[in-house]
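**Q** Quick one: structure below, then a few questions.
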Amino acid sequence: MEVLSPDGIMALCKDLKMEHTDIRILMLAWKLKAAKLGYFTQDEWKTGLKTLQADTLTKLKKAVAELEKEVNTPPNFLEFYSFAFRYHLTEEKQKNIDIETSCELLNLILGSKYHSQVDLLIDYLKIQSDYKVINLDQWVSFLRFFKEISFPDLQNYDDTQAWPLILDSFVEWLKEKS
Amino acid sequence: MALGGVSVEKCYVSSCPVVEESLSDQIQGVMVSKEEQITGNLSRIESVSVVNKEVPEGILNLFLYERKVSSGISCNDGNVLVMEDNLVLKRDGCSGFEISDDRSSVGKVKGDDCFEFVAVGGVSSFSSEGDLSSIQSVESNEFRQNYLDRTRFSVIPMSNQKKRNFQIEAFKHRVVVDPKYADKTWKILEHAIHEIYNHNASGLSFEELYSEFCGDEGGVSYDIVMSYFGAISVMITHIMDFEMILCVVRWCVVCSVVVIRVYQITVSSLCCEWNAYNMVLHKFGEKLYKGLVHTMTLHLIEISKSIEAAQGSLFLEELNRKWNDHNKALQMIRDILMYMDRTYIPSTHKTPVHELGLNLWRDNIIHSEKIQTRLLNTLLGLVYRERTGEVINRGLMRNIIKMLMDLGSSVYQEDFEKPFLEVSSEFYKGESQTFIECCDCGEYLKKAERRLNEEMERVTHYLDAKSETKITNVVEKEMIANHMLRLVHMENSGLVNMLLDDRYEDLGRMYNLFRRVPNGLSSIREVMTSHLRETGKQLVTDPERLKDPVEFVQRLLDEKDKYDNIISSAFNNDKTFQNALNSSFEFFINLNPRSPEFISLFVDDKLRKGLKGVSEEDIESILDKVMMLFRYLQEKDVFEKYYKQHLAKRLLSGKTVSDDAERSLIVKLKTECGYQFTSKLEGMFTDMKTSQDTMQDFYANHPELGDSRTLVVQVLTTGSWPTQPSVTCNLPAEMSALCEKFRSFYLGTHTGRRLSWQTNMGTADIKAIFGKGQKHELNVSTYQMCVLMLFNNADRLSYKEIEQATGIPASDLKRCLQSLACVKGKNVLRKEPMSKDIGEDDAFFVNDKFSSKFYKVKIGTVVAQKESEPEKQETRQRVEEDRKPQIEAAIVRIMKSRRVLDHNNIITEVTKQLQSRFLANPTEIKKRIESLIERDFLERDNVDRKLYRYLA
């Protein structure tokens, strides 16, 4: 089966004049419904580009630029955000992503939106020793936390609600720090 | 006597409702008189009409007069009228009333507006118990004249026919009213009142008073006689109709009937009454009433003067005497003014005579300037004197107080009770202040209790019963409530000291007094609770105490006993105190994480040796007490862990003293925590039993092994026992051959099983002969046995050699060598160099000089009874691990039934479900929830952050 390998993707990035770590490449992968990190299968590519209506590089460039808007609508964004997590699960039955990758992803996806919170969360994740990996539940909760909890006062955070423990600890850490 | 032939002069039927106090001109009900005479036999009464077919509820009187005697009268309860002479008037279905005697029907009452008596059959005779002979001698005409003249009632229907109210108009007297009649009559009455007050009532001129009443027929019996018919007595008792009474009185006088029952109305007063009656009748009521007020007031002013004049203690006595006189007088005055009291007064809304008398007494005596304050001061002075220990005349006191009460509750309250309470409050305020400064708590309470009892006694002796709560409230407030906290916390004698010294009596007193005031008991409870918690905390955290677990638990039990006794003997077994005790114990027992272990060790100690020679009941009671402590434990699973370990040791070493006691405790645990909690413990007992059978079979199958049972195997079910994976050591050749035999035997009958030898848990008895021929039986562990057996073939063995030959793990080997070589009196081995600890380079010899006064020598392994720190950590960790699946199972159970639940409720429910085993940590529950989310058992709700959903 024809597959666009990591090398091919690097080349694509070059043509699109983007870094391969650019969030837009991740968005493209989401649009293509790519299943495996670093690879686009021929099917994914064909159907994806068809929906993007891009049959030339220029059109693709334009479409990728448009993608950013599409992703940033609320339902799409949540989908994209969870996709980003699943996309990075490379092994069979893998359910967690290591802290390191999680932090990079957080920064990539949410860094611009929730700058200060994300920075603090990343700081915390790197300091703490209770968790070595992040699961989908925690991942999704991070976004929810950023969206719903007022910052930096954290006034509407209630640890008797159903937040994952990792966020309880994070909030505690924040409070201790200040 | 037969009445059959007596002619009936007159039938007279009357009915009337319950006589009311305010009976006035109007009587609801009916009085009927039939104009024409009815002659003939009673059985032939034909037309006696009864107006008002609806017989009013209540008393209904029916008089059948024949000749001059009413032959029947009855009171009824609505349906049945019992008449004299066994005649019964009863409701007869729907048609009306039936008159019958016990034999036959006499008549029927029926009709719409009128009842008619219709004779049915004859009554030949009916007897009566009274004696009519004297009556018979009176001419009936004479009676008729006297009677009928005076008593002609006319019945005039009220305007509203439906109500069937009838007005009885007074009989028109023939007496021509003398213009000076009123003055004349009043003079007579006034004189009577004077005489009454002057105690001359009996000397009232009967003739004079009576002449107005009886005319020329005086000089007859003064007593009103009720001879023949109870009817008349009923009538008079109820005084339903004044005219009727007068008729009867007159009639009785005329007849001069033999006295059978004397009624307590003297004719003289009746004569006065007659005068009063006439005055009222002739519209001189106003004059009569005013005259009465005036005359009484005059007398009372006189009386008040004589009371004022009484000196010192005579004052109350005089007051009391005058009061009694006044009461008697009042009674008589009321009697003679009865008619006014009943007719004139209600209709003009004036104060009735008796009440008037009381009011006048109140205003002229009690509230008179010179008496009011003096009376109050005298009374309060007496109370004060009694409080300070003097004896006072309680009877007099009671009479005076009773007088105040008779004058109306407001008089009692205003003129006595209120100031009494105020003065008492002052008194007790002062006294309690003195007491609290100079008494200790117990003494103070005793005094307060005595005061309280005194006040209650005072109330029963001479005060209104309603005053009891009021005065006790005063004492409670002043003596208890106001000093409550100071008492409870009093230094050296307060509640804490009482508790420490088990002063049941003082505690009981405090309880009984404090329960009377608001927050009293709660303040006792609070102090007790904080004291308990404080001492309990010290007890369980004192490092000294932790050295001996058995002592530790014994102290807890003693403490519990102590407070149980206090609560049962001093605090009335108060539930709230029991709860406070329980919660305090729960609080401090769990402060020490080792409590579960220690409680298990305590049980272990008791079941190993402590229960020898103790009766069954005592064992039960000890176990019950232990269970009580167990109940307080939050971490029951930790207890279970230790209990299992300790039980395993007891069972395997055969050290258990009483199988019954063991099982009894298991049953208790089962009742407390359910089947699941003890199933493994029970499994251990089953294994022991099965093993016995298995061994029997084994030796039966191997007769060549003879009777000496060298090997005893206990087959333990994995999971039921606290086994740890351990290396099987190298057994001596004799043993391992036997073990092999057993293995093949066992696996032969139980295919598919796996046997692994737990050599670390076994014991052995070995016979040894030492250098000088001293024989001993050594009771050792399996490891020690393996070590000792090596010396059969060697004189000297180095540590390394032993370790290699036996394969016992180093830490265990060191401990077992230590107990063989280093414990004085049990050192069957000798070690070089001599030292307390085992080194890797040590060498061992048989101790030829070993001696012991016992044949059997038990060589224990040097093991800490209590767990060491790392062991403790390990147990802790195992417990934590065991909890995880239990928490998860609880979460899943709850979510499966609830489908959607918020976070707080999950935590609460999980905690609740698990609390019979341990106190689940909320963080741990949260972790388990997250783990379940990860495994897709649950998910978070997309919208409501608080909720979890169950996924299935």
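Starting from 1 in every chain, residues are counted up; chains themselves are A, B, ... following the order of the structure tokens, and ligands are numbered from 1 as listed.
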Can you check which residues of chain A have any atom within 7 Å of chain B? Use only C-alpha atoms and format it as a list in words.
**A**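 Going by the stated atoms only, the list reads Asp137, Thr160, Gln161, Ala162, Pro164 and Leu165 of chain A.
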**Q** Those selected residues, please, written with N, CA and C atoms and delivered as a PDB file, in the first residue's frame.
**A**
ATOM      1  N   ASP A 137      -8.326  10.808  29.749  1.00  0.00           N
ATOM      2  CA  ASP A 137      -9.219  11.484  30.687  1.00  0.00           C
ATOM      3  C   ASP A 137      -8.568  12.736  31.239  1.00  0.00           C
ATOM      4  N   THR A 160     -14.261  19.141  45.285  1.00  0.00           N
ATOM      5  CA  THR A 160     -15.226  18.066  45.526  1.00  0.00           C
ATOM      6  C   THR A 160     -15.962  17.710  44.238  1.00  0.00           C
ATOM      7  N   GLN A 161     -15.639  18.443  43.182  1.00  0.00           N
ATOM      8  CA  GLN A 161     -16.235  18.066  41.902  1.00  0.00           C
ATOM      9  C   GLN A 161     -15.366  16.995  41.243  1.00  0.00           C
ATOM     10  N   ALA A 162     -15.853  16.551  40.097  1.00  0.00           N
ATOM     11  CA  ALA A 162     -15.200  15.386  39.510  1.00  0.00           C
ATOM     12  C   ALA A 162     -13.960  15.729  38.691  1.00  0.00           C
ATOM     13  N   PRO A 164     -10.015  15.250  37.851  1.00  0.00           N
ATOM     14  CA  PRO A 164      -9.013  14.208  38.139  1.00  0.00           C
ATOM     15  C   PRO A 164      -8.060  14.701  39.231  1.00  0.00           C
ATOM     16  N   LEU A 165      -7.519  13.731  39.924  1.00  0.00           N
ATOM     17  CA  LEU A 165      -6.641  14.045  41.045  1.00  0.00           C
ATOM     18  C   LEU A 165      -5.469  14.919  40.629  1.00  0.00           C
TER      19      LEU A 165
END
**Q** So which residues touch segment 1-7 of chain A within 6 Å, counting only C-alpha atoms, skipping near sequence neighbours fewer than 5 positions away, as a list in words?
**A** Gly38, Tyr39, Phe40, Thr41 and Gln42 of chain A
**Q** The selected residues should be written to file as a PDB file, in the first residue's frame (atoms: N, CA, C and O atoms).
**A**
ATOM      1  N   GLY A  38       3.006  10.219  11.936  1.00  0.00           N
ATOM      2  CA  GLY A  38       4.111  10.300  10.977  1.00  0.00           C
ATOM      3  C   GLY A  38       3.814   9.665   9.626  1.00  0.00           C
ATOM      4  O   GLY A  38       4.672   9.636   8.740  1.00  0.00           O
ATOM      5  N   TYR A  39       2.623   9.122   9.468  1.00  0.00           N
ATOM      6  CA  TYR A  39       2.295   8.497   8.187  1.00  0.00           C
ATOM      7  C   TYR A  39       0.940   8.972   7.686  1.00  0.00           C
ATOM      8  O   TYR A  39       0.022   9.167   8.468  1.00  0.00           O
ATOM      9  N   PHE A  40       0.834   9.177   6.358  1.00  0.00           N
ATOM     10  CA  PHE A  40      -0.493   9.344   5.731  1.00  0.00           C
ATOM     11  C   PHE A  40      -0.646   8.202   4.748  1.00  0.00           C
ATOM     12  O   PHE A  40       0.199   8.032   3.881  1.00  0.00           O
ATOM     13  N   THR A  41      -1.706   7.431   4.851  1.00  0.00           N
ATOM     14  CA  THR A  41      -1.895   6.384   3.837  1.00  0.00           C
ATOM     15  C   THR A  41      -2.496   7.040   2.601  1.00  0.00           C
ATOM     16  O   THR A  41      -2.994   8.174   2.639  1.00  0.00           O
ATOM     17  N   GLN A  42      -2.463   6.268   1.530  1.00  0.00           N
ATOM     18  CA  GLN A  42      -2.980   6.803   0.274  1.00  0.00           C
ATOM     19  C   GLN A  42      -4.457   7.147   0.380  1.00  0.00           C
ATOM     20  O   GLN A  42      -4.908   8.190  -0.064  1.00  0.00           O
TER      21      GLN A  42
END
**Q** Give me the residues within 12 Å of Thr21 of chain A as a ChimeraX atom specification, counting only C-alpha atoms and dropping any in the same chain fewer than 3 places off.
**A** /A:9-10,13-14,17-18,24-29,38,104-105,107-109
**Q** Restricted to all heavy atoms, what would the selected residues look like written as a CSV table (one decimal), in the first residue's frame?
**A**
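This is the output file part38.csv:
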chain,number,residue,atom,x,y,z
A,9,ILE,N,6.5,13.2,4.5
A,9,ILE,CA,5.8,14.3,5.2
A,9,ILE,C,6.8,15.5,5.4
A,9,ILE,O,6.4,16.6,5.3
A,9,ILE,CB,5.3,13.8,6.6
A,9,ILE,CG1,4.1,12.8,6.3
A,9,ILE,CG2,4.8,14.9,7.4
A,9,ILE,CD1,3.4,12.2,7.5
A,10,MET,N,8.1,15.1,5.7
A,10,MET,CA,9.0,16.2,5.9
A,10,MET,C,9.1,17.0,4.6
A,10,MET,O,9.1,18.2,4.6
A,10,MET,CB,10.4,15.7,6.2
A,10,MET,CG,10.6,15.1,7.6
A,10,MET,SD,10.3,16.3,8.9
A,10,MET,CE,12.0,16.7,9.2
A,13,CYS,N,6.2,19.2,4.1
A,13,CYS,CA,6.3,20.3,5.0
A,13,CYS,C,7.1,21.4,4.3
A,13,CYS,O,6.8,22.6,4.3
A,13,CYS,CB,6.9,20.0,6.3
A,13,CYS,SG,5.9,19.0,7.4
A,14,LYS,N,8.2,20.9,3.7
A,14,LYS,CA,9.1,21.8,3.0
A,14,LYS,C,8.4,22.6,1.9
A,14,LYS,O,8.5,23.8,1.8
A,14,LYS,CB,10.3,21.0,2.5
A,14,LYS,CG,11.6,21.8,2.4
A,14,LYS,CD,12.7,20.9,2.0
A,14,LYS,CE,14.0,21.7,1.6
A,14,LYS,NZ,15.0,20.7,1.0
A,17,LYS,N,6.2,25.1,3.1
A,17,LYS,CA,7.0,26.1,3.8
A,17,LYS,C,6.6,26.1,5.3
A,17,LYS,O,6.3,27.2,5.8
A,17,LYS,CB,6.9,27.4,3.1
A,17,LYS,CG,7.3,27.4,1.7
A,17,LYS,CD,7.8,28.8,1.3
A,17,LYS,CE,8.6,28.8,-0.1
A,17,LYS,NZ,7.8,28.2,-1.2
A,18,MET,N,6.6,25.0,5.9
A,18,MET,CA,6.3,24.9,7.3
A,18,MET,C,7.2,24.0,8.0
A,18,MET,O,7.8,23.1,7.4
A,18,MET,CB,4.9,24.3,7.5
A,18,MET,CG,3.7,25.2,7.1
A,18,MET,SD,2.2,24.3,7.2
A,18,MET,CE,1.1,25.5,6.5
A,24,ARG,N,-0.3,23.3,12.2
A,24,ARG,CA,-1.1,23.2,11.0
A,24,ARG,C,-0.9,21.8,10.4
A,24,ARG,O,-1.8,21.2,9.8
A,24,ARG,CB,-0.8,24.3,10.0
A,24,ARG,CG,-1.5,25.6,10.4
A,24,ARG,CD,-1.1,26.8,9.6
A,24,ARG,NE,0.3,27.1,9.8
A,24,ARG,CZ,0.9,28.1,9.2
A,24,ARG,NH1,0.2,28.9,8.4
A,24,ARG,NH2,2.2,28.3,9.4
A,25,ILE,N,0.3,21.2,10.5
A,25,ILE,CA,0.5,19.9,10.0
A,25,ILE,C,-0.4,18.9,10.8
A,25,ILE,O,-1.0,18.0,10.3
A,25,ILE,CB,2.0,19.5,10.1
A,25,ILE,CG1,2.8,20.4,9.3
A,25,ILE,CG2,2.2,18.0,9.7
A,25,ILE,CD1,2.5,20.4,7.8
A,26,LEU,N,-0.5,19.2,12.2
A,26,LEU,CA,-1.3,18.3,13.0
A,26,LEU,C,-2.8,18.5,12.6
A,26,LEU,O,-3.5,17.5,12.6
A,26,LEU,CB,-1.1,18.8,14.5
A,26,LEU,CG,-1.6,17.9,15.6
A,26,LEU,CD1,-1.0,16.5,15.5
A,26,LEU,CD2,-1.3,18.4,17.0
A,27,MET,N,-3.1,19.7,12.3
A,27,MET,CA,-4.5,20.0,11.8
A,27,MET,C,-4.8,19.2,10.5
A,27,MET,O,-5.9,18.7,10.3
A,27,MET,CB,-4.7,21.5,11.6
A,27,MET,CG,-4.8,22.2,12.9
A,27,MET,SD,-4.8,24.0,12.6
A,27,MET,CE,-5.0,24.6,14.3
A,28,LEU,N,-3.8,19.2,9.7
A,28,LEU,CA,-3.9,18.5,8.4
A,28,LEU,C,-4.2,17.0,8.7
A,28,LEU,O,-5.0,16.4,8.1
A,28,LEU,CB,-2.7,18.7,7.5
A,28,LEU,CG,-2.8,18.1,6.1
A,28,LEU,CD1,-3.9,18.6,5.3
A,28,LEU,CD2,-1.4,18.2,5.4
A,29,ALA,N,-3.3,16.5,9.6
A,29,ALA,CA,-3.5,15.1,10.0
A,29,ALA,C,-4.9,14.8,10.5
A,29,ALA,O,-5.5,13.8,10.2
A,29,ALA,CB,-2.4,14.7,11.0
A,38,GLY,N,3.0,10.2,11.9
A,38,GLY,CA,4.1,10.3,11.0
A,38,GLY,C,3.8,9.7,9.6
A,38,GLY,O,4.7,9.6,8.7
A,104,GLU,N,4.8,18.9,25.4
A,104,GLU,CA,5.0,19.5,24.1
A,104,GLU,C,3.7,19.8,23.4
A,104,GLU,O,3.5,20.8,22.8
A,104,GLU,CB,5.9,18.6,23.2
A,104,GLU,CG,7.4,18.8,23.5
A,104,GLU,CD,8.3,17.7,22.9
A,104,GLU,OE1,7.8,17.2,21.8
A,104,GLU,OE2,9.3,17.4,23.4
A,105,LEU,N,2.9,18.8,23.4
A,105,LEU,CA,1.6,18.9,22.8
A,105,LEU,C,0.7,20.0,23.3
A,105,LEU,O,0.1,20.7,22.6
A,105,LEU,CB,0.8,17.5,22.9
A,105,LEU,CG,1.0,16.5,21.7
A,105,LEU,CD1,0.2,15.3,22.0
A,105,LEU,CD2,0.6,17.1,20.4
A,107,ASN,N,1.7,22.6,24.9
A,107,ASN,CA,2.3,23.9,24.4
A,107,ASN,C,1.9,24.2,23.0
A,107,ASN,O,1.5,25.3,22.7
A,107,ASN,CB,3.8,23.8,24.6
A,107,ASN,CG,4.4,25.2,24.5
A,107,ASN,OD1,3.7,26.2,24.9
A,107,ASN,ND2,5.6,25.3,24.1
A,108,LEU,N,2.0,23.1,22.1
A,108,LEU,CA,1.7,23.3,20.7
A,108,LEU,C,0.2,23.7,20.5
A,108,LEU,O,-0.1,24.7,19.8
A,108,LEU,CB,2.0,22.0,20.0
A,108,LEU,CG,1.8,22.0,18.5
A,108,LEU,CD1,2.7,22.9,17.8
A,108,LEU,CD2,1.9,20.6,17.9
A,109,ILE,N,-0.7,23.0,21.2
A,109,ILE,CA,-2.1,23.2,20.9
A,109,ILE,C,-2.7,24.3,21.7
A,109,ILE,O,-3.5,25.1,21.2
A,109,ILE,CB,-2.9,21.9,21.1
A,109,ILE,CG1,-2.3,20.8,20.3
A,109,ILE,CG2,-4.4,22.0,20.8
A,109,ILE,CD1,-2.8,19.4,20.6
**Q** Need the shell around Arg394 of chain B: protein/DNA/RNA residues with any atom at most 10 Å away, counting only C-alpha atoms. Skip same-chain ones fewer than 6 positions apart. Format as a list of chain:residue names?
**A**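 Residues meeting the cut-off are B:Leu382, B:Val383, B:Glu386, B:Ile400, B:Arg458, B:His461, B:Tyr462.
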**Q** Could you write out the selected residues, including N, CA, C and O atoms, as a JSON list (two decimals), in the first residue's frame?
**A**
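To be explicit, this is the file written out as out.json:
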[["chain", "number", "residue", "atom", "x", "y", "z"],
["B", 382, "LEU", "N", -42.56, 33.94, 106.72],
["B", 382, "LEU", "CA", -42.66, 32.56, 107.17],
["B", 382, "LEU", "C", -41.85, 31.63, 106.26],
["B", 382, "LEU", "O", -41.14, 30.75, 106.73],
["B", 383, "VAL", "N", -41.97, 31.86, 104.94],
["B", 383, "VAL", "CA", -41.22, 31.03, 104.00],
["B", 383, "VAL", "C", -39.73, 31.20, 104.29],
["B", 383, "VAL", "O", -38.97, 30.23, 104.34],
["B", 386, "GLU", "N", -38.73, 29.38, 107.29],
["B", 386, "GLU", "CA", -38.66, 27.95, 107.05],
["B", 386, "GLU", "C", -37.38, 27.59, 106.29],
["B", 386, "GLU", "O", -36.73, 26.60, 106.55],
["B", 400, "ILE", "N", -54.23, 29.73, 104.52],
["B", 400, "ILE", "CA", -54.20, 31.08, 103.99],
["B", 400, "ILE", "C", -53.96, 31.05, 102.48],
["B", 400, "ILE", "O", -54.62, 31.75, 101.71],
["B", 458, "ARG", "N", -42.29, 22.07, 99.79],
["B", 458, "ARG", "CA", -43.06, 23.24, 100.19],
["B", 458, "ARG", "C", -44.33, 23.34, 99.34],
["B", 458, "ARG", "O", -45.41, 23.56, 99.85],
["B", 461, "HIS", "N", -46.83, 20.93, 100.38],
["B", 461, "HIS", "CA", -47.42, 21.19, 101.68],
["B", 461, "HIS", "C", -48.38, 22.37, 101.69],
["B", 461, "HIS", "O", -49.42, 22.31, 102.31],
["B", 462, "TYR", "N", -47.99, 23.44, 101.07],
["B", 462, "TYR", "CA", -48.93, 24.56, 101.21],
["B", 462, "TYR", "C", -49.03, 25.50, 100.02],
["B", 462, "TYR", "O", -49.55, 26.59, 100.15]]
**Q** Return the single residue from A:Val64, A:Val171, A:Leu106, A:Ala35 that is closest to Asn156 of chain A, with distances computed using only C-alpha atoms.
**A**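 Counting only C-alpha atoms, the residue closest to Asn156 of chain A is A:Val171.
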